[in-house]
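What follows is the content of final-v4.csv, which has CSV, C-alpha atoms:
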chain,number,residue,atom,x,y,z
A,7,MET,CA,-75.4,-13.0,148.1
A,8,GLU,CA,-78.1,-14.6,146.1
A,9,LYS,CA,-80.0,-17.6,147.5
A,10,GLN,CA,-79.2,-21.0,145.9
A,11,PHE,CA,-81.7,-23.8,145.6
A,12,ILE,CA,-81.2,-27.6,145.5
A,13,VAL,CA,-84.1,-29.9,144.5
A,14,ALA,CA,-84.0,-33.3,146.3
A,15,SER,CA,-86.4,-36.2,145.8
A,16,GLY,CA,-86.9,-39.3,147.9
A,17,PRO,CA,-89.2,-42.0,149.3
A,18,VAL,CA,-90.9,-42.2,152.7
A,19,ILE,CA,-91.1,-45.9,153.3
A,20,ILE,CA,-93.4,-46.9,156.2
A,21,GLU,CA,-94.2,-50.5,157.1
A,22,GLU,CA,-96.2,-51.6,160.1
A,23,GLY,CA,-95.9,-48.2,161.8
A,24,LYS,CA,-92.1,-48.0,161.3
A,25,VAL,CA,-90.2,-45.7,158.9
A,26,LEU,CA,-86.9,-46.5,157.2
A,27,LEU,CA,-84.3,-43.8,158.0
A,28,ASN,CA,-80.6,-43.7,157.3
A,29,LYS,CA,-77.3,-41.8,157.9
A,30,HIS,CA,-75.2,-41.2,154.9
A,31,GLY,CA,-72.6,-38.9,153.5
A,32,ASP,CA,-71.1,-36.4,156.0
A,33,ASP,CA,-74.4,-35.9,157.9
A,34,THR,CA,-74.6,-37.1,161.4
A,35,PHE,CA,-78.5,-37.1,161.6
A,36,TRP,CA,-81.1,-39.5,160.5
A,37,LYS,CA,-82.9,-38.8,157.3
A,38,PHE,CA,-85.1,-40.2,154.6
A,39,LEU,CA,-83.6,-42.0,151.6
A,40,GLY,CA,-83.2,-39.8,148.6
A,41,GLY,CA,-81.0,-37.0,147.3
A,42,ARG,CA,-80.3,-34.3,144.8
A,43,VAL,CA,-82.2,-34.4,141.5
A,44,GLU,CA,-79.4,-34.6,138.8
A,45,ASP,CA,-79.3,-33.3,135.3
A,46,PHE,CA,-79.8,-36.8,133.8
A,47,ASP,CA,-83.0,-37.3,135.8
A,48,PHE,CA,-84.6,-34.9,133.3
A,49,SER,CA,-84.6,-37.4,130.4
A,50,ASP,CA,-88.4,-37.5,130.7
A,51,ILE,CA,-89.6,-34.2,132.1
A,52,ASN,CA,-93.0,-35.7,133.0
A,53,ASN,CA,-91.4,-38.1,135.5
A,54,SER,CA,-88.1,-36.5,136.5
A,55,LEU,CA,-88.9,-36.1,140.2
A,56,GLU,CA,-90.2,-39.7,140.4
A,57,GLU,CA,-87.2,-41.0,138.5
A,58,ALA,CA,-84.8,-39.3,140.8
A,59,CYS,CA,-86.6,-40.8,143.7
A,60,ARG,CA,-86.4,-44.3,142.3
A,61,ARG,CA,-82.7,-43.9,141.3
A,62,GLU,CA,-81.7,-42.6,144.7
A,63,VAL,CA,-83.3,-45.4,146.6
A,64,LYS,CA,-81.8,-48.0,144.2
A,65,GLU,CA,-78.3,-46.5,144.8
A,66,GLU,CA,-78.7,-46.2,148.6
A,67,MET,CA,-80.6,-49.4,149.5
A,68,GLY,CA,-80.5,-51.6,146.4
A,69,ILE,CA,-84.4,-51.8,146.2
A,70,ASP,CA,-87.1,-50.8,143.8
A,71,ILE,CA,-90.1,-48.9,145.0
A,72,GLU,CA,-93.7,-48.3,144.1
A,73,ILE,CA,-94.5,-44.6,144.4
A,74,ILE,CA,-98.0,-44.3,146.1
A,75,ARG,CA,-98.4,-40.5,146.3
A,76,PRO,CA,-96.6,-37.2,147.0
A,77,LEU,CA,-96.2,-36.4,150.7
A,78,LYS,CA,-95.6,-32.9,152.1
A,79,PRO,CA,-93.2,-31.1,149.9
A,80,MET,CA,-91.0,-28.7,151.9
A,81,MET,CA,-88.3,-26.1,151.6
A,82,ILE,CA,-85.7,-26.0,154.4
A,83,PRO,CA,-82.3,-24.2,154.8
A,84,LYS,CA,-79.3,-26.4,154.1
A,85,PRO,CA,-77.6,-27.1,157.5
A,86,GLY,CA,-74.6,-24.9,157.8
A,87,ASP,CA,-75.3,-22.9,154.7
A,88,LEU,CA,-78.0,-20.2,155.1
A,89,GLN,CA,-77.7,-19.1,151.5
A,90,THR,CA,-78.8,-22.5,150.2
A,91,TRP,CA,-82.3,-23.8,150.5
A,92,VAL,CA,-83.3,-27.4,149.8
A,93,ILE,CA,-86.6,-28.1,148.1
A,94,LEU,CA,-87.6,-31.6,149.3
A,95,ILE,CA,-90.1,-33.6,147.3
A,96,HIS,CA,-91.2,-36.6,149.4
A,97,TYR,CA,-93.1,-39.6,148.0
A,98,LEU,CA,-94.9,-42.1,150.1
A,99,ALA,CA,-93.6,-45.4,148.7
A,100,LYS,CA,-93.8,-49.1,149.0
A,101,ARG,CA,-90.6,-51.1,149.3
A,102,LEU,CA,-90.0,-53.9,146.7
A,103,GLY,CA,-87.2,-56.2,147.7
A,104,GLU,CA,-84.8,-56.6,150.5
A,105,VAL,CA,-82.6,-53.7,151.7
A,106,LYS,CA,-78.9,-53.9,150.8
A,107,LEU,CA,-77.0,-50.8,152.0
A,108,GLY,CA,-75.1,-48.9,149.3
A,109,GLU,CA,-71.5,-47.8,149.8
A,110,ASP,CA,-72.4,-44.3,151.0
A,111,ILE,CA,-74.8,-45.5,153.7
A,112,ARG,CA,-73.3,-45.7,157.2
A,113,GLU,CA,-76.4,-47.0,158.9
A,114,ALA,CA,-80.1,-47.7,158.3
A,115,LYS,CA,-82.8,-48.5,160.8
A,116,TRP,CA,-86.6,-48.8,161.1
A,117,PHE,CA,-88.0,-46.4,163.7
A,118,ASN,CA,-91.5,-46.4,165.2
A,119,ILE,CA,-93.3,-43.4,163.8
A,120,ASP,CA,-94.5,-42.5,167.3
A,121,ASN,CA,-91.0,-42.6,168.7
A,122,LEU,CA,-88.6,-41.0,166.3
A,123,PRO,CA,-85.0,-40.4,167.3
A,124,PRO,CA,-84.0,-36.9,168.6
A,125,ASP,CA,-81.3,-36.5,166.0
A,126,CYS,CA,-83.5,-36.4,162.9
A,127,ALA,CA,-83.3,-34.0,159.9
A,128,PRO,CA,-85.7,-31.1,160.2
A,129,ASN,CA,-88.1,-32.5,157.6
A,130,ILE,CA,-88.7,-35.9,159.2
A,131,LYS,CA,-91.2,-35.1,162.0
A,132,PRO,CA,-93.4,-32.7,159.9
A,133,VAL,CA,-93.6,-35.3,157.1
A,134,ILE,CA,-94.5,-38.1,159.5
A,135,GLU,CA,-97.1,-35.9,161.2
A,136,GLU,CA,-98.7,-35.2,157.8
A,137,TYR,CA,-98.6,-39.0,157.0
A,138,LYS,CA,-100.4,-39.8,160.3
A,139,LYS,CA,-103.1,-37.2,159.6
A,140,SER,CA,-103.8,-38.8,156.3
A,141,MET,CA,-104.3,-42.3,157.7

Do you think you could lay out the structure here as structure tokens?
Amino acid sequence: MEKQFIVASGPVIIEEGKVLLNKHGDDTFWKFLGGRVEDFDFSDINNSLEEACRREVKEEMGIDIEIIRPLKPMMIPKPGDLQTWVILIHYLAKRLGEVKLGEDIREAKWFNIDNLPPDCAPNIKPVIEEYKKSM
């Protein structure tokens, strides 16, 4: 069977040493905001990944963001599906406005970047480590 690829884009929002993580959809683990890049995100090919990032955070948390810079792109196997790989495009971003959870978000919390929960998605710790090295 041929491998399939999903491209996902999302912000990494860190304030005062704490990162905003959430649980949404069917997943039981903590993850960054963001999600799959959709066909309509390609209306401007020069900004499609950034637009998907902005759209996802608006849907999930009701806030706008200022994208600061890309942060550790990764490719990981989709949990439970070894034939599908997820290409994750992370952006360090600044939150603009107050968080208001979207309908698909079960829970959102700020976690200390030096004390992340054990039930994180596999991309969380490597991205936070990269962020800490860049500071």

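Comparing A:Ala14, A:Gly23, A:Leu88, A:Leu77 by their smallest distance to Ser54 in chain A, the closest is A:Ala14 (using all atoms listed in the file).
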
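Atom pair CA of Cys126 in chain A / CA of Glu72 in chain A: separated by 24.5 Å.
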
Using all atoms listed in the file for the distances, tell me which of A:Val13, A:Met7, A:Ile20, A:Met141 is nearest to Asn118 in chain A.
A:Ile20

With only C-alpha atoms as the atoms that count, which of A:Ile95, A:Leu26, A:Ile119, A:Ile19 lies nearest to Ile82 in chain A?
A:Ile95

Determine, counting only C-alpha atoms, every residue of protein, DNA or RNA that lies within 12 Å of (-78.6, -22.9, 155.3) in the file coordinates, then give the result as a PDB file with C-alpha atoms, keeping the file's coordinate frame.
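Writing the result to point_24.pdb gives the following:
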ATOM      1  CA  LYS A   9     -80.000 -17.600 147.500  1.00  0.00           C
ATOM      2  CA  GLN A  10     -79.200 -21.000 145.900  1.00  0.00           C
ATOM      3  CA  PHE A  11     -81.700 -23.800 145.600  1.00  0.00           C
ATOM      4  CA  ILE A  12     -81.200 -27.600 145.500  1.00  0.00           C
ATOM      5  CA  MET A  81     -88.300 -26.100 151.600  1.00  0.00           C
ATOM      6  CA  ILE A  82     -85.700 -26.000 154.400  1.00  0.00           C
ATOM      7  CA  PRO A  83     -82.300 -24.200 154.800  1.00  0.00           C
ATOM      8  CA  LYS A  84     -79.300 -26.400 154.100  1.00  0.00           C
ATOM      9  CA  PRO A  85     -77.600 -27.100 157.500  1.00  0.00           C
ATOM     10  CA  GLY A  86     -74.600 -24.900 157.800  1.00  0.00           C
ATOM     11  CA  ASP A  87     -75.300 -22.900 154.700  1.00  0.00           C
ATOM     12  CA  LEU A  88     -78.000 -20.200 155.100  1.00  0.00           C
ATOM     13  CA  GLN A  89     -77.700 -19.100 151.500  1.00  0.00           C
ATOM     14  CA  THR A  90     -78.800 -22.500 150.200  1.00  0.00           C
ATOM     15  CA  TRP A  91     -82.300 -23.800 150.500  1.00  0.00           C
ATOM     16  CA  VAL A  92     -83.300 -27.400 149.800  1.00  0.00           C
ATOM     17  CA  ILE A  93     -86.600 -28.100 148.100  1.00  0.00           C
ATOM     18  CA  PRO A 128     -85.700 -31.100 160.200  1.00  0.00           C
TER      19      PRO A 128
END

Counting only C-alpha atoms, which residues have an atom no more than 8 Å from (-75.5, -53.5, 146.7) in the file's coordinates? Please list them as a PDB file with C-alpha atoms, in the coordinates of the input.
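Result saved to out-v1.pdb:
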ATOM      1  CA  GLU A  65     -78.300 -46.500 144.800  1.00  0.00           C
ATOM      2  CA  MET A  67     -80.600 -49.400 149.500  1.00  0.00           C
ATOM      3  CA  GLY A  68     -80.500 -51.600 146.400  1.00  0.00           C
ATOM      4  CA  LYS A 106     -78.900 -53.900 150.800  1.00  0.00           C
ATOM      5  CA  LEU A 107     -77.000 -50.800 152.000  1.00  0.00           C
ATOM      6  CA  GLY A 108     -75.100 -48.900 149.300  1.00  0.00           C
ATOM      7  CA  GLU A 109     -71.500 -47.800 149.800  1.00  0.00           C
TER       8      GLU A 109
END

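Nearest residue to Lys78 in chain A among A:Ala58, A:Ile130, A:Ile51, A:Val63 is A:Ile130, counting all atoms listed in the file.
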
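The protein and nucleic acid residues lying at most 10 Å from Ile74 in chain A are Pro17, Val18, Tyr97, Leu98, Ala99 and Lys100 of chain A, with all atoms listed in the file considered and sequence neighbours fewer than 5 positions away removed.
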
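The space separating CA of Asp45 in chain A from CA of Glu62 in chain A comes to 13.4 Å.
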
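CA of Glu113 in chain A lies 13.6 Å from CA of Asp125 in chain A.
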
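Distance annotation: of A:Lys24, A:Arg61, A:Lys37, A:Arg101, the residue with the minimal separation from Asn129 in chain A is A:Lys37; atom set is all atoms listed in the file.
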
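Counting all atoms listed in the file and comparing A:Arg60, A:Leu55, A:Phe46, A:His96, the residue that lies closest to Arg75 in chain A is A:His96.
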